[in-house]
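Coordinates from query16.csv are shown below (CSV, C-alpha atoms and all ligand atoms).
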chain,number,residue,atom,x,y,z
K,1,MET,CA,95.6,79.6,119.1
K,2,ALA,CA,95.5,77.1,116.2
K,3,GLU,CA,96.6,78.4,112.8
K,4,PRO,CA,93.6,79.3,110.8
K,5,SER,CA,92.8,76.9,107.9
K,6,GLY,CA,93.7,78.0,104.4
K,7,CYS,CA,97.4,78.9,104.9
K,8,GLY,CA,98.3,76.8,101.9
K,9,GLN,CA,96.1,78.6,99.5
K,10,ALA,CA,97.0,82.0,101.0
K,11,ARG,CA,100.8,81.2,100.6
K,12,GLU,CA,100.1,80.4,96.9
K,13,ALA,CA,98.5,83.8,96.5
K,14,ILE,CA,100.9,86.0,98.5
K,15,PRO,CA,103.5,86.7,95.8
K,16,GLU,CA,100.8,88.0,93.4
K,17,LEU,CA,99.0,89.8,96.3
K,18,ALA,CA,102.2,91.7,97.1
K,19,MET,CA,102.7,92.5,93.4
K,20,GLY,CA,99.1,93.9,93.2
K,21,ALA,CA,98.5,91.3,90.5
K,22,LEU,CA,95.7,89.1,91.9
K,23,SER,CA,92.2,89.0,90.5
K,24,GLY,CA,89.3,90.2,92.6
K,25,GLU,CA,87.9,87.0,94.0
K,26,GLU,CA,91.3,85.4,94.7
K,27,ARG,CA,92.4,88.6,96.4
K,28,ALA,CA,89.3,88.8,98.6
K,29,ALA,CA,89.8,85.2,99.6
K,30,ALA,CA,93.4,85.7,100.5
K,31,LEU,CA,92.7,88.9,102.4
K,32,GLY,CA,90.0,87.2,104.3
K,33,HIS,CA,92.5,84.6,105.5
K,34,LEU,CA,95.2,87.1,106.2
K,35,ALA,CA,92.9,89.1,108.5
K,36,ASP,CA,93.0,86.1,110.8
K,37,CYS,CA,96.5,84.8,110.3
K,38,PRO,CA,99.6,86.6,111.6
K,39,ALA,CA,102.0,84.1,110.1
K,40,CYS,CA,100.7,84.8,106.6
K,41,ARG,CA,100.7,88.5,107.3
K,42,ARG,CA,104.4,88.3,108.0
K,43,GLU,CA,104.8,86.4,104.7
K,44,LEU,CA,103.0,89.2,102.9
K,45,GLU,CA,105.2,91.8,104.5
K,46,GLU,CA,108.3,90.0,103.4
K,47,ALA,CA,107.0,89.6,99.9
K,48,THR,CA,106.1,93.3,99.9
K,49,ARG,CA,109.7,94.1,100.8
K,50,MET,CA,110.9,92.0,97.9
K,51,VAL,CA,108.6,93.8,95.5
K,52,ASP,CA,109.9,97.1,96.7
K,53,ALA,CA,113.5,96.0,96.3
K,54,LEU,CA,112.7,94.8,92.7
K,55,THR,CA,110.9,98.0,91.9
K,56,SER,CA,114.1,99.9,92.8
K,57,ILE,CA,116.2,98.3,90.0
K,58,ALA,CA,114.6,100.1,87.1
K,59,PRO,CA,117.4,102.1,85.5
K,60,ALA,CA,117.3,105.9,86.2
K,61,GLU,CA,116.7,108.1,83.3
K,62,GLU,CA,116.6,111.9,83.2
K,63,PRO,CA,113.2,113.3,82.2
K,64,PRO,CA,113.0,116.3,79.8
K,65,PRO,CA,114.3,119.6,81.2
K,66,SER,CA,110.9,121.1,81.8
K,67,PHE,CA,109.9,118.3,84.0
K,68,GLU,CA,110.5,119.9,87.4
K,69,SER,CA,108.7,123.1,86.5
K,70,ARG,CA,105.7,121.2,85.2
K,71,VAL,CA,105.4,119.2,88.4
K,72,LEU,CA,105.7,122.4,90.5
K,73,ALA,CA,103.0,124.1,88.4
K,74,ARG,CA,100.7,121.1,88.8
K,75,ILE,CA,101.2,121.2,92.6
K,76,ALA,CA,100.5,125.0,92.7
K,77,GLU,CA,97.4,124.4,90.6
K,78,ALA,CA,96.2,121.7,92.9
K,79,ARG,CA,96.7,123.9,96.0
K,80,ARG,CA,93.9,126.1,94.8
K,81,PRO,CA,90.9,125.0,96.7
K,82,SER,CA,88.1,123.5,94.7
K,83,LEU,CA,85.0,121.9,96.1
K,84,LEU,CA,85.2,119.0,93.8
K,85,ARG,CA,88.8,118.3,94.7
K,86,ARG,CA,88.1,118.5,98.4
K,87,LEU,CA,85.3,116.0,98.0
K,88,THR,CA,87.4,113.6,95.9
K,89,PRO,CA,88.6,110.6,97.8
K,90,TYR,CA,92.3,110.4,97.1
K,91,LEU,CA,93.6,106.9,96.7
K,92,ALA,CA,97.3,106.3,96.4
K,93,THR,CA,99.7,103.6,97.4
K,94,GLY,CA,97.3,102.3,100.0
K,95,VAL,CA,96.2,105.5,101.6
K,96,VAL,CA,92.5,105.5,101.4
K,97,VAL,CA,90.8,108.5,102.9
K,98,GLY,CA,87.0,108.3,102.6
K,99,VAL,CA,85.8,111.8,102.9
K,100,LEU,CA,82.3,111.2,101.7
K,101,ALA,CA,80.2,110.1,104.6
K,102,GLY,CA,77.7,108.5,102.3
K,103,GLY,CA,80.2,106.2,100.6
K,104,PHE,CA,81.5,105.9,97.1
K,105,VAL,CA,81.6,103.2,94.5
K,106,TRP,CA,84.8,102.0,92.9
K,107,ASN,CA,85.5,100.3,89.7
K,108,ALA,CA,86.1,96.6,90.3
K,109,THR,CA,89.7,96.1,89.3
K,110,GLU,CA,90.9,99.4,90.7
K,111,ALA,CA,89.1,98.9,93.9
K,112,ASP,CA,90.6,95.5,94.4
K,113,ARG,CA,94.1,96.6,93.7
K,114,ARG,CA,93.7,99.5,96.0
K,115,LEU,CA,92.1,97.4,98.6
K,116,ALA,CA,95.2,95.2,98.6
K,117,ALA,CA,97.4,98.2,98.7
K,118,SER,CA,95.4,99.7,101.6
K,119,TYR,CA,95.7,96.4,103.4
K,120,ARG,CA,99.4,96.6,103.0
K,121,THR,CA,99.6,100.0,104.5
K,122,THR,CA,97.4,99.1,107.4
K,123,LEU,CA,99.7,96.2,108.1
K,124,GLU,CA,102.7,98.4,108.0
K,125,VAL,CA,101.2,101.1,110.1
K,126,ALA,CA,99.2,99.1,112.6
K,127,ASP,CA,100.9,95.8,112.4
K,128,GLY,CA,97.6,94.3,111.4
K,129,ARG,CA,96.0,95.0,114.8
K,130,TYR,CA,93.3,97.2,113.4
K,131,LEU,CA,92.3,95.3,110.5
K,132,THR,CA,89.4,93.0,110.6
K,133,ALA,CA,87.5,91.1,107.9
K,134,ALA,CA,84.2,89.2,108.0
K,135,ALA,CA,82.6,87.0,105.4
K,136,LEU,CA,79.2,88.3,104.3
K,137,TYR,CA,76.5,85.6,103.9
K,138,SER,CA,73.3,85.5,102.1
K,139,GLY,CA,71.6,82.7,103.9
K,140,ARG,CA,74.4,80.1,103.9
K,141,GLU,CA,75.9,81.3,100.7
K,142,LEU,CA,79.1,83.4,100.7
K,143,ALA,CA,78.2,86.8,99.1
K,144,GLY,CA,81.3,88.8,99.7
K,145,HIS,CA,83.5,90.3,102.4
K,146,VAL,CA,83.5,93.3,104.7
K,147,PHE,CA,86.9,94.8,105.7
K,148,GLY,CA,87.2,97.2,108.6
K,149,TYR,CA,90.0,99.6,109.1
K,150,GLN,CA,90.5,101.5,112.3
K,151,GLY,CA,91.7,105.1,111.6
K,152,SER,CA,90.5,108.6,111.6
K,153,PRO,CA,88.0,108.2,110.1
K,154,SER,CA,87.5,104.5,110.3
K,155,TRP,CA,86.1,102.9,107.3
K,156,LEU,CA,84.5,99.7,105.9
K,157,VAL,CA,85.1,98.2,102.5
K,158,PHE,CA,82.5,95.9,101.0
K,159,THR,CA,83.6,93.5,98.2
K,160,MET,CA,80.8,91.5,96.7
K,161,LYS,CA,80.9,88.5,94.5
K,162,LYS,CA,78.2,89.8,92.2
K,163,ALA,CA,76.7,93.1,91.1
K,164,GLY,CA,73.3,93.8,92.7
K,165,GLY,CA,71.3,96.0,95.0
K,166,PRO,CA,70.1,98.4,96.0
K,167,TYR,CA,71.4,97.5,99.4
K,168,GLN,CA,70.9,99.4,102.6
K,169,ALA,CA,74.0,99.0,104.8
K,170,VAL,CA,73.2,98.9,108.5
K,171,LEU,CA,75.8,98.6,111.3
K,172,VAL,CA,74.8,96.8,114.5
K,173,GLY,CA,77.0,97.8,117.4
K,174,VAL,CA,78.2,95.5,120.2
K,175,ASP,CA,75.7,97.4,122.4
K,176,GLY,CA,72.9,96.5,120.1
K,177,THR,CA,72.4,100.0,118.6
K,178,THR,CA,71.9,100.2,114.8
K,179,THR,CA,73.3,102.9,112.5
K,180,ASP,CA,72.3,103.5,108.9
K,181,LEU,CA,75.4,103.5,106.7
K,182,GLY,CA,73.8,104.4,103.4
K,183,ARG,CA,72.5,102.8,100.3
K,184,PHE,CA,74.4,101.5,97.3
K,185,THR,CA,73.9,99.6,94.1
K,186,LEU,CA,76.6,97.7,92.2
K,187,THR,CA,76.3,97.4,88.5
K,188,GLY,CA,78.5,96.2,85.7
K,189,ARG,CA,82.0,95.7,86.9
K,190,GLN,CA,81.6,97.5,90.1
K,191,ARG,CA,82.0,95.1,93.0
K,192,SER,CA,83.1,97.3,95.8
K,193,TRP,CA,81.6,100.0,98.0
K,194,SER,CA,83.2,101.7,100.9
K,195,THR,CA,82.0,104.1,103.6
K,196,THR,CA,83.5,105.8,106.6
K,197,VAL,CA,82.1,105.0,110.1
K,198,ASP,CA,82.0,107.0,113.3
K,199,GLN,CA,82.2,104.0,115.6
K,200,PRO,CA,85.5,102.3,116.4
K,201,ILE,CA,85.8,99.1,114.3
K,202,GLY,CA,86.1,97.2,117.6
K,203,ARG,CA,82.5,98.2,118.5
K,204,ILE,CA,80.9,96.6,115.5
K,205,ALA,CA,79.1,93.4,116.1
K,206,GLU,CA,77.4,92.9,112.7
K,207,ILE,CA,76.9,94.5,109.3
K,208,HIS,CA,73.7,93.9,107.6
K,209,LEU,CA,72.8,94.5,103.9
K,210,ARG,CA,69.1,95.0,103.6
K,211,ARG,CA,67.4,94.4,100.3
K,212,ALA,CA,63.8,94.6,99.2
K,213,ASP,CA,63.0,91.0,98.2
K,214,ALA,CA,65.1,88.8,100.5
K,215,PRO,CA,66.4,88.5,104.1
K,216,ASP,CA,69.4,90.6,105.1
K,217,MET,CA,72.9,89.5,104.1
K,218,VAL,CA,74.9,89.4,107.3
K,219,ALA,CA,78.6,89.7,108.3
K,220,GLY,CA,79.5,89.0,111.9
K,221,PHE,CA,82.6,90.6,113.3
K,222,HIS,CA,84.5,88.6,115.9
K,223,HIS,CA,87.0,90.8,117.7
G,1,MET,CA,118.8,122.3,100.4
G,2,TRP,CA,120.6,119.2,99.1
G,3,ALA,CA,121.8,118.4,102.6
G,4,LEU,CA,118.3,118.0,104.0
G,5,SER,CA,116.9,114.6,104.5
G,6,ASP,CA,114.2,113.2,102.2
G,7,GLU,CA,111.8,113.3,105.2
G,8,SER,CA,112.4,117.0,105.8
G,9,LEU,CA,111.9,117.8,102.1
G,10,LEU,CA,108.7,115.9,102.0
G,11,ALA,CA,107.5,117.7,105.1
G,12,GLY,CA,108.4,121.0,103.5
G,13,MET,CA,106.6,120.0,100.3
G,14,ALA,CA,103.5,119.1,102.3
G,15,SER,CA,103.5,122.5,104.0
G,16,GLY,CA,103.7,124.4,100.7
G,17,ASP,CA,107.4,125.1,100.5
G,18,ALA,CA,108.1,125.3,96.8
G,19,GLN,CA,111.9,125.0,97.3
G,20,ALA,CA,111.6,121.8,99.2
G,21,ALA,CA,109.3,120.5,96.6
G,22,ALA,CA,111.7,121.4,93.8
G,23,ALA,CA,114.6,119.8,95.7
G,24,LEU,CA,112.7,116.6,96.2
G,25,VAL,CA,111.7,116.5,92.5
G,26,ARG,CA,115.3,117.1,91.4
G,27,ARG,CA,116.5,114.4,93.7
G,28,TYR,CA,114.2,111.7,92.5
G,29,GLN,CA,113.0,112.6,89.1
G,30,ALA,CA,115.4,110.4,87.2
G,31,ARG,CA,114.5,107.3,89.2
G,32,VAL,CA,110.8,108.1,89.1
G,33,PHE,CA,110.8,108.8,85.3
G,34,GLY,CA,113.1,105.8,84.7
G,35,LEU,CA,110.7,103.4,86.5
G,36,ALA,CA,107.7,104.9,84.6
G,37,ARG,CA,109.7,104.4,81.3
G,38,ALA,CA,110.5,100.8,82.1
G,39,ILE,CA,106.8,100.1,82.6
G,40,VAL,CA,104.9,102.2,80.1
G,41,ARG,CA,107.8,102.8,77.6
G,42,GLU,CA,106.2,105.7,75.6
G,43,PRO,CA,108.1,108.8,76.8
G,44,GLY,CA,105.1,111.2,76.8
G,45,LEU,CA,103.0,108.8,78.9
G,46,ALA,CA,106.0,108.1,81.2
G,47,GLU,CA,106.4,111.8,81.8
G,48,GLU,CA,102.7,112.1,82.6
G,49,VAL,CA,102.9,109.2,85.1
G,50,ALA,CA,106.1,110.6,86.7
G,51,GLN,CA,104.5,114.0,87.2
G,52,GLU,CA,101.4,112.5,88.7
G,53,ALA,CA,103.5,110.4,91.1
G,54,PHE,CA,105.1,113.6,92.5
G,55,VAL,CA,101.7,115.3,92.7
G,56,ARG,CA,100.3,112.3,94.7
G,57,ALA,CA,103.4,112.3,96.9
G,58,TRP,CA,102.7,115.9,97.7
G,59,ARG,CA,99.0,115.2,98.4
G,60,HIS,CA,99.8,112.3,100.7
G,61,ALA,CA,102.9,113.6,102.3
G,62,ALA,CA,101.1,113.9,105.6
G,63,ALA,CA,100.3,110.1,105.4
G,64,TYR,CA,103.9,109.1,104.8
G,65,ASP,CA,105.3,107.2,107.7
G,66,SER,CA,109.0,106.8,107.9
G,67,ARG,CA,108.7,103.6,109.9
G,68,ARG,CA,107.2,102.0,106.8
G,69,GLY,CA,110.2,102.6,104.6
G,70,ALA,CA,112.3,105.2,102.8
G,71,VAL,CA,110.8,108.1,101.0
G,72,SER,CA,112.3,106.7,97.8
G,73,THR,CA,110.6,103.3,98.3
G,74,TRP,CA,107.3,105.0,98.8
G,75,LEU,CA,107.7,107.3,95.8
G,76,LEU,CA,108.6,104.4,93.6
G,77,ALA,CA,105.7,102.3,94.8
G,78,ILE,CA,103.4,105.2,93.9
G,79,THR,CA,105.0,105.4,90.5
G,80,ARG,CA,104.7,101.7,89.9
G,81,ASN,CA,101.0,101.7,90.7
G,82,LEU,CA,100.3,104.7,88.5
G,83,ALA,CA,102.3,103.3,85.6
G,84,ILE,CA,100.6,99.9,85.8
G,85,ASP,CA,97.2,101.6,85.9
G,86,ALA,CA,98.2,103.6,82.8
G,87,LEU,CA,99.3,100.5,81.0
G,88,ARG,CA,96.0,98.7,81.8
G,89,LEU,CA,94.0,101.7,80.6
G,90,ARG,CA,95.8,101.5,77.2
G,91,ARG,CA,95.4,97.8,77.0
G,92,GLU,CA,98.6,97.6,74.9
G,93,GLU,CA,100.2,94.3,74.3
G,94,PRO,CA,103.2,94.3,76.6
G,95,VAL,CA,106.7,94.1,75.4
G,96,ASP,CA,108.6,90.8,75.2
G,97,PRO,CA,109.5,89.9,78.8
G,98,GLN,CA,113.1,89.3,77.6
G,99,VAL,CA,113.4,92.9,76.5
G,100,LEU,CA,112.1,94.1,79.9
G,101,LEU,CA,114.5,91.8,81.7
G,102,THR,CA,117.5,92.9,79.6
G,103,ARG,CA,116.6,96.6,80.4
G,104,LEU,CA,116.4,95.9,84.1
G,105,LEU,CA,119.6,93.9,84.3
G,106,ALA,CA,122.0,95.5,81.9
G,107,VAL,CA,122.6,98.6,83.8
G,108,GLU,CA,125.8,100.6,84.1
G,109,PRO,CA,126.6,101.4,87.7
G,110,ALA,CA,124.8,104.7,88.2
G,111,ASP,CA,126.5,107.8,89.4
G,112,GLU,CA,124.0,108.2,92.2
G,113,ALA,CA,124.8,107.7,95.9
G,114,ALA,CA,127.2,104.8,96.0
G,115,GLN,CA,125.4,102.9,98.7
G,116,ALA,CA,122.0,103.0,97.2
G,117,ALA,CA,123.4,101.9,93.8
G,118,GLN,CA,125.1,99.0,95.5
G,119,GLY,CA,121.9,97.8,97.1
G,120,GLU,CA,120.2,97.8,93.7
G,121,GLU,CA,123.1,96.0,92.1
G,122,PHE,CA,122.7,93.3,94.7
G,123,VAL,CA,119.1,92.9,93.8
G,124,ARG,CA,120.0,92.7,90.1
G,125,GLN,CA,122.6,90.1,90.8
G,126,ALA,CA,120.1,88.0,92.8
G,127,LEU,CA,117.6,88.3,89.9
G,128,ARG,CA,120.4,87.3,87.4
G,129,GLY,CA,121.0,84.2,89.6
G,130,LEU,CA,117.5,82.9,89.1
G,131,PRO,CA,116.5,80.4,86.5
G,132,LEU,CA,115.6,82.6,83.5
G,133,GLU,CA,111.9,81.5,83.5
G,134,GLN,CA,111.5,82.5,87.1
G,135,ALA,CA,113.1,85.9,86.6
G,136,ARG,CA,110.8,86.6,83.6
G,137,ALA,CA,107.7,85.7,85.5
G,138,ILE,CA,108.8,88.0,88.4
G,139,ALA,CA,109.6,90.9,86.0
G,140,LEU,CA,106.2,90.5,84.3
G,141,ALA,CA,104.3,90.5,87.7
G,142,VAL,CA,106.3,93.3,89.4
G,143,PHE,CA,106.7,95.7,86.4
G,144,TYR,CA,103.5,95.0,84.5
G,145,GLY,CA,101.2,93.9,87.3
G,146,MET,CA,100.5,90.7,85.6
G,147,SER,CA,98.7,87.9,87.4
G,148,GLY,CA,99.8,84.3,87.3
G,149,ARG,CA,96.9,83.7,84.8
G,150,LYS,CA,98.2,86.4,82.4
G,151,ILE,CA,101.8,85.2,82.7
G,152,ALA,CA,100.6,81.7,81.9
G,153,GLU,CA,98.9,83.0,78.8
G,154,ILE,CA,101.9,85.1,77.6
G,155,GLU,CA,104.5,82.3,78.3
G,156,GLY,CA,102.2,79.6,76.9
G,157,ILE,CA,102.5,77.5,80.2
G,158,PRO,CA,99.9,76.1,82.6
G,159,LEU,CA,98.6,78.4,85.3
G,160,GLY,CA,100.1,76.2,88.0
G,161,THR,CA,103.5,76.5,86.4
G,162,ALA,CA,103.3,80.3,86.3
G,163,LYS,CA,102.3,80.5,90.0
G,164,THR,CA,105.1,78.1,90.9
G,165,ARG,CA,107.7,80.2,89.0
G,166,LEU,CA,106.6,83.3,90.9
G,167,ARG,CA,106.6,81.5,94.3
G,168,ARG,CA,109.9,79.8,93.9
G,169,GLY,CA,111.5,82.8,92.3
G,170,MET,CA,110.4,85.1,95.2
G,171,ALA,CA,111.5,82.5,97.8
G,172,ARG,CA,114.9,82.2,96.2
G,173,LEU,CA,115.4,86.0,95.9
G,174,ARG,CA,114.4,86.4,99.5
G,175,ASP,CA,117.0,83.8,100.6
G,176,GLN,CA,119.8,85.5,98.7
G,177,LEU,CA,118.9,89.0,99.9
G,178,GLU,CA,118.5,87.9,103.5
G,179,VAL,CA,121.9,86.2,103.5
G,180,SER,CA,123.3,89.5,102.3
G,181,ASP,CA,121.6,91.4,105.1
G,182,GLY,CA,123.0,89.2,107.8
F,1,ZN,ZN,97.8,81.6,107.2
Could you rewrite the structure in this file as structure tokens?
Amino acid sequence: MAEPSGCGQAREAIPELAMGALSGEERAAALGHLADCPACRRELEEATRMVDALTSIAPAEEPPPSFESRVLARIAEARRPSLLRRLTPYLATGVVVGVLAGGFVWNATEADRRLAASYRTTLEVADGRYLTAAALYSGRELAGHVFGYQGSPSWLVFTMKKAGGPYQAVLVGVDGTTTDLGRFTLTGRQRSWSTTVDQPIGRIAEIHLRRADAPDMVAGFHH
Amino acid sequence: MWALSDESLLAGMASGDAQAAAALVRRYQARVFGLARAIVREPGLAEEVAQEAFVRAWRHAAAYDSRRGAVSTWLLAITRNLAIDALRLRREEPVDPQVLLTRLLAVEPADEAAQAAQGEEFVRQALRGLPLEQARAIALAVFYGMSGRKIAEIEGIPLGTAKTRLRRGMARLRDQLEVSDG
């Protein structure tokens, strides 16, 4: 298979991507390329290892004596079940667990940083095999990207170039069936939306974003 | 308890074993707090970040995968992300990169496990071996989460130059550290 185009640009972006320092659009473009390019994914893994090594050189420093007991108290507190807490999608160092079937909206910068972090985990766990990305087009114009992650549950992340909506997200399976994924509106700095899906990512043919006043935006998945 | 591996402590912590949690916190609190301090500086905020890092580690213990790297690497990556988020929320003007770099590089050999400390000293040496402007750019990006654009602004250089410093610096570090591995 020929190397996908855009390696040069992606290589430029990889150090910042590994450091979690890339701005939203550059990051989306780089991730879009990485989804199709094993060579650049290996570069990203290497860069990530370097960032981890650098992170480890911060000098150790003892916290105040009460530190340990305060951490344990916080954990004990968090163990108490609370509905709100159980419904909160926890996001940390790349682990994204979407527990709200209807999807949730992230703040733009946070979502982007976490998307990159999630991408990193996916690479490490699944060697990139389960990640797929598709460009989302409004007519012939690039409107954003859809990233698919295989897992339990599997999930989709939408990153859009512009705020807008409301959109109705619809999944078209490879067998032609359609599934309603929910509605979302992006306002202000919000540029991302994510949702869990019941179908395996490999069974998705297209994602449509329906809107009131224009034809669907469409992302085609090529597995 | 101290003889147990990080992985067993993490597993114990995830299943609600307070002793395992306490042992893991004791084992890593100085490194986690030290990293938070290097990034956010203010001790109160650093403590908040460090506490949150352990709480998140507990929450996500089930998702930790040893094939992805050591528990310490994972814990420090969580800490770094949280500290950078905290820094961004405060929108403080960051410290002079030279101060950060000095803090990172001028370290007495720690009294922790000799091997781990050696590995870190090697990374420090590799960083010391870089042209100063590359080391500064890397420190700003890794510890403050700054983009090439922001580094260009702070250092008063064109964007292309900032990106080149990051890229060349990382490539050079990688060469040196790979040589040491082999
Ligand atoms: Zn490539």
May I have the residues within 9 Å of segment 100-103 of chain G as a JSON list (two decimals) with C-alpha atoms, keeping the file's coordinate frame, using all atoms listed in the file and disregarding those fewer than 4 positions away in the same chain?
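Output (selection.json):
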[["chain", "number", "residue", "atom", "x", "y", "z"],
["K", 58, "ALA", "CA", 114.60, 100.10, 87.10],
["K", 59, "PRO", "CA", 117.40, 102.10, 85.50],
["G", 38, "ALA", "CA", 110.50, 100.80, 82.10],
["G", 39, "ILE", "CA", 106.80, 100.10, 82.60],
["G", 95, "VAL", "CA", 106.70, 94.10, 75.40],
["G", 96, "ASP", "CA", 108.60, 90.80, 75.20],
["G", 107, "VAL", "CA", 122.60, 98.60, 83.80],
["G", 135, "ALA", "CA", 113.10, 85.90, 86.60],
["G", 136, "ARG", "CA", 110.80, 86.60, 83.60],
["G", 139, "ALA", "CA", 109.60, 90.90, 86.00],
["G", 140, "LEU", "CA", 106.20, 90.50, 84.30],
["G", 143, "PHE", "CA", 106.70, 95.70, 86.40]]
Long-range neighbours of Met146 of chain G as a PyMOL selection string, 10 Å cut-off, all atoms listed in the file, 5 positions minimum in chain: (chain K and resi 16+19-23) or (chain G and resi 84+88+137-141+151-152+154)
Segment 125-127 of chain G surroundings by only C-alpha atoms, 8 Å radius, close-in-sequence under 5 positions cut, as a PyMOL selection string: chain G and resi 135+173+176-177
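Computed from the coordinates, the atom CA of Gly129 of chain G to atom CA of Thr55 of chain K distance equals 17.3 Å.
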Chain K residues near chain G (9 Å cut-off, all atoms listed in the file) as a ChimeraX atom specification: /K:11-16,18-23,46-47,50-64,67-72,74-76,78-79,90-93,95,110,121,124-125
Neighbourhood of ligand ZN 1 (chain F) at 8 Å, counting all atoms listed in the file, reported as a PyMOL selection string: chain K and resi 3-8+10-11+33-34+36-41
Straight-line distance linking atom CA of Leu136 of chain K with atom CA of Gly148 of chain K, stated in Å to one decimal: 12.7 Å
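In terms of minimum interatomic distance to Val218 of chain K, K:Val146 ranks closest within K:Val197, K:Val174, K:Val146, K:Val157, counting all atoms listed in the file.
Between Ala11 of chain G and the residues G:Ala70, G:Leu159, G:Ala61, G:Val40, the shortest atom-to-atom distance, using only C-alpha atoms, involves G:Ala61.
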Straight-line distance linking atom CA of Thr196 of chain K with atom CA of Thr178 of chain K, stated in Å to one decimal: 15.3 Å
